[in-house]
Amino acid sequence: MIEVDHFIYAVDIIGTLVFAISGVLTAIDKKFDFVGAIVIGTVTAIGGGTIRDLLIGSTPVGWLQDTNYLLTVFAAVLICYFFHKPVRRWRKGMFIFDTVGIGLFTILGIQKTLAIGLAPTIAITMGIVTAVFGGILRDILTNRDPLIFRKEIYATACLAGGIIYVVSLQYISNPNLCMSLGVGAVIMIRALSVKFHWSIPYSPREWV
Amino acid sequence: MIEVDHFIYAVDIIGTLVFAISGVLTAIDKKFDFVGAIVIGTVTAIGGGTIRDLLIGSTPVGWLQDTNYLLTVFAAVLICYFFHKPVRRWRKGMFIFDTVGIGLFTILGIQKTLAIGLAPTIAITMGIVTAVFGGILRDILTNRDPLIFRKEIYATACLAGGIIYVVSLQYISNPNLCMSLGVGAVIMIRALSVKFHWSIPYSPREWV
Amino acid sequence: MIEVDHFIYAVDIIGTLVFAISGVLTAIDKKFDFVGAIVIGTVTAIGGGTIRDLLIGSTPVGWLQDTNYLLTVFAAVLICYFFHKPVRRWRKGMFIFDTVGIGLFTILGIQKTLAIGLAPTIAITMGIVTAVFGGILRDILTNRDPLIFRKEIYATACLAGGIIYVVSLQYISNPNLCMSLGVGAVIMIRALSVKFHWSIPYSPREWV
């Protein structure tokens, strides 16, 4: 199991780095200063997990107990400073890390919530909160309508992957396989939704 | 007592539904998608109680322990989708539920805070937080100046009802009567303030 | 030690008052009503400490356990109402209280975080959160880009003072001396940065 845990930790850190870079690039667009870049990067990268930890009562929240997360954000600030152009150029290529990141964040959020004995529905909700609230907080801090409320089916992919993970836990005894199924579902649904421009509009029927 | 508790729970759920509908209608105005409607509906309906629970340290926060609250929000999303026009039309009629909702939310917030041994002043503050922060969070997420800071005396009604409730607890031995007095005061003050356009402007004197 | 504690408490309350006044003046600029003034004043004054307490899991959060903080905010609302013009005029003069306030808030935040056994890096981060998040929340609630992300080196002064405090704890046995060094460093750096217009821009190099 140790190697699996190491792998999960590595993906968690890479996901944090990619999320932080997305926050720092937004801060640059807004012409914020150094402090602004650090705060926005931090909030984007660890905001979702922080809100989950606060809601389920797991305090001190996760990143206070492992300084690697803050160091990762700091690395993102330096990377964006010294390699701004390549980072902008490579951003599309980061899509895969970003998607693996939200997939993993979703499943990790579900695991943590189930571990304290809350209902599966609630656990899936907390998984989605973990994956999407960093981006929502970034948009609030930079005074924009949260992107996620209009974009491709980001949260829906987390929902589907979360359901698959929770259901598979009932039937499959190997937890790593369940986790792979869940993360894989998030990645596949999101990739397909981007390729085929899927979206779930919410246009109430006017004729009722 | 059981029937009173059932009644309180029913009003709590109805209040949650009405608050959620108010959030979903705002999401529709903003042309948010399905996810946006769910998130804004949820935050509006249970944001106030969530912030209260976090501040007083009652975690996992309430709605994580009773899935009926999330189901109620989901019902609001469906209702607004399939019956959009009637809901808009009936909104004024919902005023009574909305007002009963904030009255009850105020008193429930006070009870929960007193129960963990905090001061009456603090309990009343937490009652107001329970009643008004859902709307404040809705306005932050949709990038508007919070409505409550300019509108009719919404929070002031909660303050008055809260004080009446806390004081009556000293003199009246029947807790249900105290609760009715508090909720009744909120309803009456808010109804009168809307009818007579009461407001409490805050215009500092310029001539000092 | 008692007199030192009394002195710290007094500075804490004065800092709270000055922060609350800054929030109330913003509410006046936005033409918010009485409730708006109270909410913005409260959030500005005690928002930073509240977020710190939530993150480190110290609940009920501080101001729920000592009503003097809420009373101080209420005093700020009254002062701004009855003495609006002098307050505006004296605001520049309040700079010194404001700066002593953030210095003290930083060190108090560090102490509280170290006391629950978290790492020094994390403690310094929590010190900065204590000092700056009140202002960030004020700007979010009033729908502006947070000022701190563009202004003089406010957070950087907290960072430097925090590091000096934590390092001095290793070498100096008198905790009050360490505290004075930390607060003094915040005040000096901020005063110099305002005088000489220091700032730390974050302009990524375009030529890479």
# chains A, B, ... in the order shown; residues from 1 in each chain; ligands from 1
$ residues_around --residues "B:Arg144" --least-positions-apart "2" --cutoff "10 Å" --atoms "only C-alpha atoms" --output "list in words"
Asn143 and Asp145 of chain A; Ile136, Leu137, Arg138, Asp139, Ile140, Leu141, Thr142, Pro146 and Leu147 of chain B; Ile140, Leu141, Thr142 and Asn143 of chain C
$ interface_residues --of "chain B" --to "chain A" --cutoff "6 Å" --atoms "only C-alpha atoms" --output "number ranges by chain"
B: 32-34, 36, 59-61, 81, 83-84, 142-143
$ atom_distance --atom1 "atom CA of A:Thr44" --atom2 "atom CA of A:Gly127"
15.8 Å
$ residues_around --residues "A:Pro175" --least-positions-apart "3" --cutoff "12 Å" --atoms "only C-alpha atoms" --output "list in words"
Met1, Val4, Asp5, Ile107, Gln111, Tyr165, Val166, Val167, Ser168, Leu169, Gln170, Tyr171, Ile172, Cys178, Met179, Ser180, Leu181 and Gly182 of chain A
$ write_last_selection --atoms "C-alpha atoms" --output "short mmCIF file (atom, residue, chain, number, x, y, z; two decimals), in the first residue's frame"
data_model
loop_
_atom_site.label_atom_id
_atom_site.label_comp_id
_atom_site.auth_asym_id
_atom_site.auth_seq_id
_atom_site.Cartn_x
_atom_site.Cartn_y
_atom_site.Cartn_z
CA MET A 1 0.00 0.00 0.00
CA VAL A 4 0.01 3.71 -3.67
CA ASP A 5 -0.02 6.25 -0.83
CA ILE A 107 -12.20 11.08 -4.05
CA GLN A 111 -12.82 9.34 1.86
CA TYR A 165 -16.61 5.59 -6.32
CA VAL A 166 -19.15 5.30 -3.50
CA VAL A 167 -21.18 2.62 -5.29
CA SER A 168 -18.06 0.62 -6.24
CA LEU A 169 -17.03 0.56 -2.55
CA GLN A 170 -20.10 -1.63 -1.95
CA TYR A 171 -19.18 -4.25 -4.53
CA ILE A 172 -15.41 -4.19 -4.93
CA CYS A 178 -12.51 1.82 -6.50
CA MET A 179 -10.40 4.95 -6.34
CA SER A 180 -9.06 4.40 -9.87
CA LEU A 181 -12.61 3.92 -11.15
CA GLY A 182 -13.76 7.16 -9.53
#
$ select_by_dssp --residues "chain A" --states "helix (DSSP H, G or I)" --output "JSON, numbers by chain"
{"A": [2, 3, 4, 5, 6, 7, 8, 9, 10, 11, 12, 13, 14, 15, 16, 17, 18, 19, 20, 21, 22, 23, 24, 25, 26, 27, 28, 29, 34, 35, 36, 37, 38, 39, 40, 41, 42, 43, 44, 45, 46, 47, 48, 49, 50, 51, 52, 53, 54, 55, 56, 62, 63, 64, 68, 69, 70, 71, 72, 73, 74, 75, 76, 77, 78, 79, 80, 81, 82, 84, 85, 86, 87, 88, 89, 90, 91, 92, 93, 94, 95, 96, 97, 98, 99, 100, 101, 102, 103, 104, 105, 106, 107, 108, 109, 110, 111, 112, 113, 114, 115, 120, 121, 122, 123, 124, 125, 126, 127, 128, 129, 130, 131, 132, 133, 134, 135, 136, 137, 138, 139, 140, 141, 147, 148, 149, 154, 155, 156, 157, 158, 159, 160, 161, 162, 163, 164, 165, 166, 167, 168, 169, 170, 171, 175, 176, 177, 178, 179, 180, 181, 182, 183, 184, 185, 186, 187, 188, 189, 190, 191, 192, 193, 194, 195]}
$ residues_around --residues "C:Ile8" --least-positions-apart "3" --cutoff "12 Å" --atoms "only C-alpha atoms" --output "PyMOL selection string"
chain C and resi 1-5+11-15+100-101+103-105+107-108+176+179-180+183
$ write_last_selection --atoms "N, CA and C atoms" --output "compact mmCIF listing (two decimals), in the first residue's frame"
# COMPACT_ATOMS: atom_id res chain seq x y z
N MET C 1 3.66 40.56 35.38
CA MET C 1 3.11 40.25 34.05
C MET C 1 1.71 40.85 33.86
N ILE C 2 1.00 41.04 35.01
CA ILE C 2 -0.38 41.47 34.87
C ILE C 2 -0.50 42.78 34.12
N GLU C 3 0.42 43.71 34.43
CA GLU C 3 0.31 44.99 33.75
C GLU C 3 0.57 44.87 32.24
N VAL C 4 1.51 43.99 31.87
CA VAL C 4 1.76 43.76 30.45
C VAL C 4 0.49 43.22 29.78
N ASP C 5 -0.16 42.25 30.42
CA ASP C 5 -1.38 41.69 29.86
C ASP C 5 -2.45 42.75 29.70
N VAL C 11 -4.37 47.52 23.91
CA VAL C 11 -3.98 47.75 22.52
C VAL C 11 -4.86 46.93 21.58
N ASP C 12 -5.20 45.71 22.00
CA ASP C 12 -6.07 44.84 21.20
C ASP C 12 -7.42 45.52 20.97
N ILE C 13 -8.00 46.08 22.05
CA ILE C 13 -9.29 46.75 21.94
C ILE C 13 -9.18 48.01 21.07
N ILE C 14 -8.10 48.78 21.26
CA ILE C 14 -7.92 49.99 20.45
C ILE C 14 -7.76 49.61 18.98
N GLY C 15 -6.97 48.57 18.71
CA GLY C 15 -6.82 48.09 17.33
C GLY C 15 -8.17 47.69 16.74
N VAL C 100 0.05 49.89 14.93
CA VAL C 100 0.27 49.14 16.17
C VAL C 100 -0.71 47.97 16.22
N GLY C 101 -1.94 48.22 15.77
CA GLY C 101 -2.96 47.17 15.75
C GLY C 101 -2.52 45.96 14.93
N GLY C 103 0.41 45.15 13.99
CA GLY C 103 1.60 44.54 14.60
C GLY C 103 1.19 43.60 15.72
N LEU C 104 0.33 44.10 16.60
CA LEU C 104 -0.10 43.28 17.73
C LEU C 104 -0.93 42.08 17.27
N PHE C 105 -1.84 42.31 16.32
CA PHE C 105 -2.68 41.21 15.82
C PHE C 105 -1.79 40.10 15.26
N ILE C 107 1.34 39.28 16.10
CA ILE C 107 2.02 38.54 17.16
C ILE C 107 1.02 37.69 17.97
N LEU C 108 -0.15 38.26 18.28
CA LEU C 108 -1.16 37.48 19.02
C LEU C 108 -1.59 36.26 18.23
N ASN C 176 8.18 39.20 26.62
CA ASN C 176 7.70 40.55 26.34
C ASN C 176 8.66 41.30 25.44
N MET C 179 8.10 40.08 21.94
CA MET C 179 6.88 40.67 21.43
C MET C 179 7.13 42.12 20.99
N SER C 180 7.85 42.86 21.82
CA SER C 180 8.13 44.25 21.46
C SER C 180 8.95 44.33 20.19
N VAL C 183 6.44 43.49 17.21
CA VAL C 183 5.52 44.60 16.94
C VAL C 183 6.29 45.81 16.42
$ decode --residues "stretch 31-53 of chain C" --atoms "N, CA and C atoms" --output "tab-separated table (two decimals), in the first residue's frame"
chain	number	residue	atom	x	y	z
C	31	LYS	N	-23.11	54.00	1.13
C	31	LYS	CA	-24.48	54.36	1.49
C	31	LYS	C	-25.26	53.18	2.06
C	32	PHE	N	-24.57	52.29	2.76
C	32	PHE	CA	-25.27	51.21	3.44
C	32	PHE	C	-26.07	51.77	4.60
C	33	ASP	N	-27.03	50.97	5.11
C	33	ASP	CA	-27.82	51.44	6.24
C	33	ASP	C	-27.16	51.04	7.56
C	34	PHE	N	-27.89	51.21	8.65
C	34	PHE	CA	-27.37	50.96	9.99
C	34	PHE	C	-26.83	49.54	10.13
C	35	VAL	N	-27.63	48.56	9.67
C	35	VAL	CA	-27.22	47.17	9.75
C	35	VAL	C	-25.94	46.93	8.96
C	36	GLY	N	-25.91	47.50	7.75
C	36	GLY	CA	-24.72	47.37	6.92
C	36	GLY	C	-23.49	47.90	7.64
C	37	ALA	N	-23.64	49.06	8.31
C	37	ALA	CA	-22.51	49.66	9.03
C	37	ALA	C	-22.01	48.72	10.13
C	38	ILE	N	-22.96	48.13	10.87
C	38	ILE	CA	-22.56	47.23	11.95
C	38	ILE	C	-21.88	45.98	11.40
C	39	VAL	N	-22.46	45.38	10.36
C	39	VAL	CA	-21.88	44.14	9.82
C	39	VAL	C	-20.49	44.40	9.25
C	40	ILE	N	-20.35	45.46	8.44
C	40	ILE	CA	-19.04	45.73	7.83
C	40	ILE	C	-18.01	46.09	8.91
C	41	GLY	N	-18.45	46.88	9.90
C	41	GLY	CA	-17.54	47.21	11.00
C	41	GLY	C	-17.07	45.97	11.74
C	42	THR	N	-18.02	45.08	12.04
C	42	THR	CA	-17.68	43.85	12.77
C	42	THR	C	-16.72	42.98	11.97
C	43	VAL	N	-17.07	42.76	10.70
C	43	VAL	CA	-16.25	41.87	9.87
C	43	VAL	C	-14.83	42.41	9.72
C	44	THR	N	-14.71	43.73	9.51
C	44	THR	CA	-13.39	44.31	9.35
C	44	THR	C	-12.56	44.17	10.63
C	45	ALA	N	-13.23	44.38	11.77
C	45	ALA	CA	-12.49	44.41	13.03
C	45	ALA	C	-12.11	43.02	13.52
C	46	ILE	N	-13.01	42.05	13.37
C	46	ILE	CA	-12.73	40.74	13.97
C	46	ILE	C	-12.70	39.62	12.96
C	47	GLY	N	-12.75	39.96	11.65
C	47	GLY	CA	-12.75	38.93	10.62
C	47	GLY	C	-11.45	38.14	10.57
C	48	GLY	N	-10.31	38.83	10.73
C	48	GLY	CA	-9.03	38.15	10.63
C	48	GLY	C	-8.84	37.13	11.75
C	49	GLY	N	-9.12	37.56	12.99
C	49	GLY	CA	-9.01	36.64	14.12
C	49	GLY	C	-10.01	35.50	14.02
C	50	THR	N	-11.20	35.79	13.46
C	50	THR	CA	-12.21	34.75	13.31
C	50	THR	C	-11.73	33.66	12.35
C	51	ILE	N	-11.20	34.06	11.20
C	51	ILE	CA	-10.72	33.07	10.22
C	51	ILE	C	-9.58	32.26	10.82
C	52	ARG	N	-8.67	32.94	11.53
C	52	ARG	CA	-7.57	32.21	12.20
C	52	ARG	C	-8.13	31.17	13.17
C	53	ASP	N	-9.08	31.59	14.03
C	53	ASP	CA	-9.64	30.66	15.01
C	53	ASP	C	-10.32	29.47	14.33
